[in-house]
Amino acid sequence: MTLDLFDDPPREAREAIGPGAFVLPGFALPFADELLSAVKAISQDAPFRHLVTPGGFTMSVALTNCGALGWTSDRRGYRYSPTDPDTGKPWPAMPTSFARLAREAASAAGFDGFAPDACLVNRYAPGARLSLHQDKDEHDYGAPIVSVSLGMPAVFLFGGHERGDKAVRIPLQHGDVVVWGGEDRLRYHGVLPLKDQPHPALGSLRINLTFRKAG
Ligand code: SIN
Ligand code: FE2
């Protein structure tokens, strides 16, 4: 048997950004077109909206959801809901291709058996940003967060366990996936204001999918 460097293709490259946090460059690229057409169908059922925070601030990022639970916010607080408060209907079902991609990405980051029940779909136009926050409205912090970037590039901020901790800046491109779980599950994170750098797949927009086990 000859030893060929390419007999056993290397696993997807992964870059550690913490003991339980990894960037998987290009992991979602083979599925990007499929993901984007599913997002279009989802947003026809459950339109993108700009939520208001309990503090009365209107978010610059537009959001919708798919899956059994969807994240929402109003003056009363943040929560997960089985129905879309705008339409009263259940959120669109999570496509099986979404759940499979999320499970495979989690597994590539060392978290086997990830079964998300919520997928937040965030849409960023130029100038939209997400200030530093923790994802902590989920019941079970044992499951990781899987975040898929599509369209325009963004700078992801990955901080520490305190809001004031220094955050590293991670450039994310179309098709990149970030996974954080374990001891990194509650790290503060956010997105810098988006620059207008149009992408062939989405023009002047960025779509981010975050998969969570919320219930
Ligand atoms: C999030 O924190 O929920 C989204 C992060 C991102 O858009 O990359
Ligand atoms: Fe988040």
# chains A, B, ... in the order shown; residues from 1 in each chain; ligands from 1
>>> closest_atom_pairs(of="chain A", to="ligand 1", cutoff="7 Å", atoms="only C-alpha atoms and all ligand atoms", output="Markdown table")
| residue | atom | partner | partner_atom_place_in_ligand_line | distance |
| --- | --- | --- | --- | --- |
| A:Asn122 | CA | ligand 1 | 7 (O) | 6.4 |
| A:Ser147 | CA | ligand 1 | 8 (O) | 6.3 |
| A:Ser149 | CA | ligand 1 | 8 (O) | 6.4 |
| A:Phe156 | CA | ligand 1 | 8 (O) | 5.9 |
| A:His189 | CA | ligand 1 | 2 (O) | 6.1 |
| A:Gly190 | CA | ligand 1 | 2 (O) | 5.5 |
| A:Val191 | CA | ligand 1 | 6 (C) | 6.0 |
| A:Asn208 | CA | ligand 1 | 7 (O) | 4.9 |
| A:Thr210 | CA | ligand 1 | 3 (O) | 5.8 |
>>> closest_atom_pairs(of="stretch 4-73 of chain A", to="stretch 197-203 of chain A", cutoff="10 Å", atoms="only C-alpha atoms", output="tab-separated table")
residue	atom	partner	partner_atom	distance
A:Ala32	CA	A:Ala201	CA	8.8
A:Asp33	CA	A:Ala201	CA	7.9
A:Leu36	CA	A:Ala201	CA	8.6
>>> residues_near_ligand(ligand="ligand 2", cutoff="12 Å", atoms="only C-alpha atoms and all ligand atoms", output="PyMOL selection string")
chain A and resi 61+71+119-122+129-138+144-148+156-159+178-180+185-191+208-212
>>> atom_distance(atom1="atom CA of A:Val23", atom2="atom CA of A:Phe111")
13.6 Å
>>> closest_residue(among="A:Ile42, A:Ile17, A:Ala128, A:Leu69", to="A:Leu205", atoms="only C-alpha atoms")
A:Ala128
>>> select_by_dssp(residues="chain A", states="helix (DSSP H, G or I)", output="PDB file with C-alpha atoms, in the first residue's frame")
ATOM      1  CA  LEU A  29     -20.231  26.543   1.983  1.00  0.00           C
ATOM      2  CA  PRO A  30     -21.514  23.390   0.204  1.00  0.00           C
ATOM      3  CA  PHE A  31     -25.002  24.068   1.615  1.00  0.00           C
ATOM      4  CA  ALA A  32     -25.094  27.855   1.274  1.00  0.00           C
ATOM      5  CA  ASP A  33     -27.495  28.072  -1.691  1.00  0.00           C
ATOM      6  CA  GLU A  34     -29.866  25.569  -0.130  1.00  0.00           C
ATOM      7  CA  LEU A  35     -29.781  27.420   3.195  1.00  0.00           C
ATOM      8  CA  LEU A  36     -30.522  30.739   1.521  1.00  0.00           C
ATOM      9  CA  SER A  37     -33.495  29.464  -0.450  1.00  0.00           C
ATOM     10  CA  ALA A  38     -34.890  27.942   2.745  1.00  0.00           C
ATOM     11  CA  VAL A  39     -34.429  31.286   4.530  1.00  0.00           C
ATOM     12  CA  LYS A  40     -36.431  32.962   1.759  1.00  0.00           C
ATOM     13  CA  ALA A  41     -39.306  30.508   2.246  1.00  0.00           C
ATOM     14  CA  ILE A  42     -39.156  30.916   6.042  1.00  0.00           C
ATOM     15  CA  SER A  43     -39.322  34.707   5.771  1.00  0.00           C
ATOM     16  CA  GLN A  44     -42.418  34.466   3.558  1.00  0.00           C
ATOM     17  CA  ASP A  45     -44.212  32.679   6.420  1.00  0.00           C
ATOM     18  CA  THR A  96     -33.996  18.791   8.121  1.00  0.00           C
ATOM     19  CA  SER A  97     -30.987  20.089   6.163  1.00  0.00           C
ATOM     20  CA  PHE A  98     -30.565  22.855   8.795  1.00  0.00           C
ATOM     21  CA  ALA A  99     -30.648  20.425  11.704  1.00  0.00           C
ATOM     22  CA  ARG A 100     -28.210  18.073   9.968  1.00  0.00           C
ATOM     23  CA  LEU A 101     -25.708  20.835   9.225  1.00  0.00           C
ATOM     24  CA  ALA A 102     -25.926  22.086  12.824  1.00  0.00           C
ATOM     25  CA  ARG A 103     -25.393  18.586  14.207  1.00  0.00           C
ATOM     26  CA  GLU A 104     -22.379  17.969  11.954  1.00  0.00           C
ATOM     27  CA  ALA A 105     -20.801  21.324  12.793  1.00  0.00           C
ATOM     28  CA  ALA A 106     -21.295  20.721  16.537  1.00  0.00           C
ATOM     29  CA  SER A 107     -19.745  17.315  16.149  1.00  0.00           C
ATOM     30  CA  ALA A 108     -16.727  18.751  14.277  1.00  0.00           C
ATOM     31  CA  GLY A 182     -18.866  23.699  27.277  1.00  0.00           C
ATOM     32  CA  GLU A 183     -16.987  26.182  29.423  1.00  0.00           C
ATOM     33  CA  ASP A 184     -17.291  28.776  26.612  1.00  0.00           C
TER      34      ASP A 184
END
>>> residues_around(residues="A:Pro47", least_positions_apart="5", cutoff="10 Å", atoms="only C-alpha atoms", output="list in words")
Lys40, Ala41, Ile42, Ala62, Leu63, Thr64, Asn65, Asp84, Asp86 and Thr87 of chain A
>>> write_last_selection(atoms="N, CA and C atoms", output="PDB file, in the first residue's frame")
ATOM      1  N   LYS A  40     -35.447  32.178   2.515  1.00  0.00           N
ATOM      2  CA  LYS A  40     -36.431  32.962   1.759  1.00  0.00           C
ATOM      3  C   LYS A  40     -37.846  32.428   2.038  1.00  0.00           C
ATOM      4  N   ALA A  41     -37.986  31.112   1.983  1.00  0.00           N
ATOM      5  CA  ALA A  41     -39.306  30.508   2.246  1.00  0.00           C
ATOM      6  C   ALA A  41     -39.747  30.778   3.687  1.00  0.00           C
ATOM      7  N   ILE A  42     -38.831  30.661   4.635  1.00  0.00           N
ATOM      8  CA  ILE A  42     -39.156  30.916   6.042  1.00  0.00           C
ATOM      9  C   ILE A  42     -39.658  32.350   6.218  1.00  0.00           C
ATOM     10  N   ALA A  62     -32.535  42.585  11.824  1.00  0.00           N
ATOM     11  CA  ALA A  62     -33.900  42.074  11.659  1.00  0.00           C
ATOM     12  C   ALA A  62     -33.887  40.572  11.916  1.00  0.00           C
ATOM     13  N   LEU A  63     -34.944  40.057  12.532  1.00  0.00           N
ATOM     14  CA  LEU A  63     -34.939  38.657  12.955  1.00  0.00           C
ATOM     15  C   LEU A  63     -36.206  37.909  12.573  1.00  0.00           C
ATOM     16  N   THR A  64     -36.026  36.631  12.239  1.00  0.00           N
ATOM     17  CA  THR A  64     -37.137  35.694  12.238  1.00  0.00           C
ATOM     18  C   THR A  64     -36.600  34.373  12.796  1.00  0.00           C
ATOM     19  N   ASN A  65     -37.426  33.344  12.828  1.00  0.00           N
ATOM     20  CA  ASN A  65     -37.011  32.071  13.417  1.00  0.00           C
ATOM     21  C   ASN A  65     -37.600  30.922  12.627  1.00  0.00           C
ATOM     22  N   ASP A  84     -45.201  32.639  16.528  1.00  0.00           N
ATOM     23  CA  ASP A  84     -44.728  33.952  16.110  1.00  0.00           C
ATOM     24  C   ASP A  84     -45.708  34.993  16.639  1.00  0.00           C
ATOM     25  N   ASP A  86     -46.177  37.918  15.821  1.00  0.00           N
ATOM     26  CA  ASP A  86     -46.712  38.777  14.763  1.00  0.00           C
ATOM     27  C   ASP A  86     -47.863  38.127  14.001  1.00  0.00           C
ATOM     28  N   THR A  87     -47.842  36.788  13.901  1.00  0.00           N
ATOM     29  CA  THR A  87     -48.867  36.111  13.090  1.00  0.00           C
ATOM     30  C   THR A  87     -49.739  35.187  13.938  1.00  0.00           C
TER      31      THR A  87
END
>>> closest_residue(among="A:Asp74, A:Glu15, A:Asp165, A:Asp140", to="A:Asp117", atoms="only C-alpha atoms")
A:Asp140
>>> select_by_dssp(residues="stretch 57-198 of chain A", states="strand (DSSP E)", output="JSON, numbers by chain")
{"A": [62, 63, 64, 65, 66, 70, 71, 72, 73, 74, 77, 78, 79, 80, 81, 118, 119, 120, 121, 122, 123, 124, 130, 131, 132, 133, 145, 146, 147, 148, 149, 150, 151, 154, 155, 156, 157, 158, 168, 169, 170, 171, 172, 177, 178, 179, 180, 189, 190, 191]}
>>> residues_around(residues="A:Gly127", least_positions_apart="3", cutoff="8 Å", atoms="only C-alpha atoms", output="PyMOL selection string")
chain A and resi 60+124+193-196
>>> atom_distance(atom1="atom CA of A:Ile170", atom2="atom CA of A:Arg14")
13.3 Å
>>> closest_residue(among="A:Ala13, A:Ala109, A:Ala28, A:Ala68", to="A:Ser81", atoms="only C-alpha atoms")
A:Ala68
>>> atom_distance(atom1="atom CA of A:Thr72", atom2="atom CA of A:Ser204")
24.7 Å
